[in-house]
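Everything on this sheet refers to the single structure shown next.
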Protein chains: 2
Amino acid sequence: MILVLAGGVGAARFIEGLVQVVPPESITAVVNTGDDMELHGLRISPDLDIVTCTLADLIDREQGWGIVGDTSECMSWLMKLGGPGWFKLGDRDLALHIRRTAMLREGSTLSEVTNSFCQSLGVAVKIMPMSDDPVPTHIITDTGEVHFEEYFVRRRAQDAVRGVRYVGVEAARPAPGLLDLIATAEAILIAPSNPVVSIGPILAIPGVRAAILASSAPVITVSPIVGGAPIKGPAAPLMRAVGLEVSAVGAAQAYAGLLDGIVIDRVDAHLAPQIAALGLRVAVTDTIMRGPLEKANLSRVALQLAKAHPAAV
Amino acid sequence: MILVLAGGVGAARFIEGLVQVVPPESITAVVNTGDDMELHGLRISPDLDIVTCTLADLIDREQGWGIVGDTSECMSWLMKLGGPGWFKLGDRDLALHIRRTAMLREGSTLSEVTNSFCQSLGVAVKIMPMSDDPVPTHIITDTGEVHFEEYFVRRRAQDAVRGVRYVGVEAARPAPGLLDLIATAEAILIAPSNPVVSIGPILAIPGVRAAILASSAPVITVSPIVGGAPIKGPAAPLMRAVGLEVSAVGAAQAYAGLLDGIVIDRVDAHLAPQIAALGLRVAVTDTIMRGPLEKANLSRVALQLAKAHPAAV
């Protein structure tokens with residue numbers, strides 16, 4: 001079984017490659033829920049929905065999030081009625097939030113809801129949240145502490161970042177089965193996601209880091225930083241805020257002590273010796289996932305690195 | 001101030017006539033919430049929405065409910081995800097339920113939510129629920145006791161009806177201000193709504209019947225029964241189940257002891273002496289509200305009857 005630690009868009013694309021290379025039933029994606037929030041009284045799980053809808057081939061591929069062909073009738077009426085309008089929710093999209101909220105209120109766990117959505121939407125990859133307990137990621141900015149989505153979407157990542165807090169993480173329990181999956185995985189792949197706000201929250205759940213250290217599975221990541229900048233999203237200020245260089249080296253250092261190897265982009269090939277000096281295996285390939293071929297190649301390279309094949313520098 | 005006791009479609013159309021005849025600010029509609037229910041974790045208030053959206057000129061006039069031009073993307077996805085599909089909710093429509101549910105969870109009362117919706121949608125008539133407490137109407141059928149909407153929509157009113165129960169009504173409080181409005185009203189108009197499941201719940205709220213009896217305002221209704229059949233909806237089996245004749249006479253008897261007069265349709269003119277014998281004033285006119293002219297005429301006749309003008313038989 002291959003375990004993937006996953007954020008949103010980058011992780012979803014990476015897993016799309018993986019299912020071309022290994023059977024989907026052999027993949028488990030454990031997904032960040034630090035971005036989860038309540039809005040309009042509904043429980044929104046952005047990363048879970050991105051991963052689920054991408055693997056169900058329902059995603060709006062232009063945006064990377066939301067459902068293809070979606071409309072926004074409900075959203076515009078929510079705003080007419082005085083509801084908050086800064087986080088756009090499509091009509092189809094809203095069905096996931098409404099149903100999730102209803103199932104949670106009826107007593108289901110987020111793991112159970114996620115599993116049910118996968119079954120309903122025909123997703124064979126097993127998708128699970130990092131925890132059934134809410135652990136909202138807060139960004140500490142120079143004007144105060146706000147939820148990640150508020151920092152990123154509402155305030156357009158304009159505030160200077162001083163730090164990051166995974167609220168309530170001390171008391172959060174790993175999702176049922178997660179620690180066993182880590183113990184028995186053949187490989188643990190850390191998707192090319194934001195190390196601070198996508199993978200960081202997963203690793204901060206009590207027990208997860210220790211289980212990865214104890215596991216005999218190789219731990220391989222794909223750098224989300226290419227040529228000194230993230231492919232997508234607000235990784236740069238967040239990495240800097242926690243003392244990481246915004247580079248493939250910084251991406252490797254983000255997982256110091258956990259990692260066995262990293263896949264970096266050809267444009268960063270010159271950094272391979274520096275990363276190797278950290279005691280890591282390094283593979284160099286095209287990491288920008290434009291289409292199915294690039295996605296499958298990236299997965300193959302990551303899996304080869306997991307099998308300790310020599311790095312193709 | 002004119003107080004209208006209101007159900008759904010018939011009441012909404014009646015009030016549309018009333019606003020042509022008197023200033024909308026002088027009208028208060030107190031609306032049945034016995035049909036309210038929770039579905040998909042959302043609080044649905046069918047009659048409040050019908051009255052509000054009709055007066056906002058947003059209603060789907062073909063159906064009498066729902067918002068004109070609405071789509072059903074969210075609903076079809078809710079069903080894909082295993083949600084109940086028997087009660088159709090449009091995308092725009094859903095915004096009302098989502099926002100209402102969120103506001104109630106944040107601590108607003110249903111009266112406050114309703115008032116907020118009226119302001120947002122530009123409705124000048126004051127609309128209030130009969131109570132801020134839930135009082136679901138249950139229909140006792142030969143196969144069990146079910147919520148009214150379940151009887152009416154899900155089971156298509158096919159079960160034999162044995163009785164009606166307003167669940168929890170003993171403990172329900174009238175909406176804030178309702179008893180004062182009854183005491184000070186110039187006229188109390190009972191809309192042409194179902195006497196058993198639309199007006200019945202309002203009159204069953206503790207204090208409401210006594211306040212109407214104590215009020216000096218004339219109490220006038222418009223018969224929802226024309227030629228021995230309801231204009232719309234399941235009034236016939238419900239009236240029979242509570243021992244009322246399905247006729248304009250039965251409509252008058254439904255409000256025995258409260259009523260001063262009733263407007264009946266021309267086709268029922270022959271019943272006027274029988275109703276007058278009950279000690280009621282009777283006006284005869286066209287009661288089927290096809291367009292604005294009929295609506296305005298019906299309101300005028302009802303208001304004239306309230307002013308104790310002689311019945312125009």
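Here's how to read the names in the structure tokens: chain A, B, ... by the order shown, residue numbers from 1 in each chain, ligand numbers from 1 in the order shown.
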
Practice item. Can you list, as a PyMOL selection string, all residues belonging to range 164-294 of chain B that DSSP tags as helix (DSSP H, G or I)? Key: chain B and resi 169-171+178-184+195-204+208-214+235-241+248-253+266-276+292-294

Check your understanding: If you count only C-alpha atoms, which residues fall within 9 Å of Ala272 in chain B, apart from same-chain ones fewer than 6 positions away, as a ChimeraX atom specification?
Key -> /B:248-249,264,281-284,313

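Going from CA of Met1 in chain B over to CA of Thr52 in chain B, you cover 18.6 Å.
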
Kindly assemble as CSV a list of the chain B residues that lie within 7 Å of chain A, each paired with its nearest atom pair and their distance in Å to one decimal, using only C-alpha atoms, sorted first by chain and then by ascending residue number.
residue,atom,partner,partner_atom,distance
B:His40,CA,A:Ala102,CA,5.5
B:Gly41,CA,A:Ala102,CA,4.6
B:Glu73,CA,A:Arg92,CA,5.5
B:Cys74,CA,A:Arg92,CA,4.6
B:Trp77,CA,A:Ala95,CA,5.6
B:Leu78,CA,A:Ala95,CA,5.0
B:Lys80,CA,A:Ser120,CA,6.4
B:Leu81,CA,A:Ser120,CA,5.5
B:Gly83,CA,A:Arg99,CA,6.8
B:Asp91,CA,A:Cys74,CA,4.9
B:Arg92,CA,A:Cys74,CA,4.6
B:Leu94,CA,A:Cys74,CA,6.4
B:Ala95,CA,A:Leu78,CA,5.0
B:Ile98,CA,A:His40,CA,6.6
B:Arg99,CA,A:His40,CA,6.3
B:Ala102,CA,A:Gly41,CA,4.6
B:Phe117,CA,A:Leu81,CA,6.2
B:Ser120,CA,A:Leu81,CA,5.5

Export C-alpha atoms of the chosen residues as an mmCIF file, in the first residue's frame?
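Saved file selection-v3.cif follows:
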data_model
loop_
_atom_site.group_PDB
_atom_site.id
_atom_site.type_symbol
_atom_site.label_atom_id
_atom_site.label_comp_id
_atom_site.auth_asym_id
_atom_site.auth_seq_id
_atom_site.Cartn_x
_atom_site.Cartn_y
_atom_site.Cartn_z
ATOM 1 C CA HIS B 40 -30.269 18.066 4.506
ATOM 2 C CA GLY B 41 -29.597 19.650 7.913
ATOM 3 C CA GLU B 73 -27.808 21.759 -9.732
ATOM 4 C CA CYS B 74 -27.277 21.476 -6.007
ATOM 5 C CA TRP B 77 -25.728 16.586 -6.537
ATOM 6 C CA LEU B 78 -27.238 16.188 -3.084
ATOM 7 C CA LYS B 80 -25.773 11.819 -6.077
ATOM 8 C CA LEU B 81 -24.255 12.021 -2.583
ATOM 9 C CA GLY B 83 -29.227 12.835 0.250
ATOM 10 C CA ASP B 91 -30.362 26.624 -6.116
ATOM 11 C CA ARG B 92 -31.653 30.124 -5.329
ATOM 12 C CA LEU B 94 -31.477 26.849 -1.093
ATOM 13 C CA ALA B 95 -29.835 30.161 -0.282
ATOM 14 C CA ILE B 98 -28.826 27.886 4.181
ATOM 15 C CA ARG B 99 -28.904 31.471 5.398
ATOM 16 C CA ALA B 102 -26.903 29.697 9.701
ATOM 17 C CA PHE B 117 -35.108 38.396 4.596
ATOM 18 C CA SER B 120 -32.966 42.056 1.936
#

I want to know what sits within 6 Å of range 276-280 of chain A, based on only C-alpha atoms, with residues of the same chain fewer than 3 positions away left out; could you give that as a PDB file with C-alpha atoms, in the first residue's frame?
ATOM      1  CA  ASP A 260      14.703   9.509   2.524  1.00  0.00           C
ATOM      2  CA  GLY A 261      14.570  11.200  -0.824  1.00  0.00           C
ATOM      3  CA  ALA A 272      21.128  18.152  -6.119  1.00  0.00           C
ATOM      4  CA  PRO A 273      24.607  17.960  -4.527  1.00  0.00           C
TER       5      PRO A 273
END

Exercise for review: Name the residues in contact with range 211-226 of chain A at a cut-off of 8 Å, using only C-alpha atoms, excluding same-chain residues fewer than 4 positions from it; report them as a PyMOL selection string.
Suggested key: chain A and resi 10+179+182-194+207+230-231+246-248+251-252+258-265+267-268+287+302+305-307
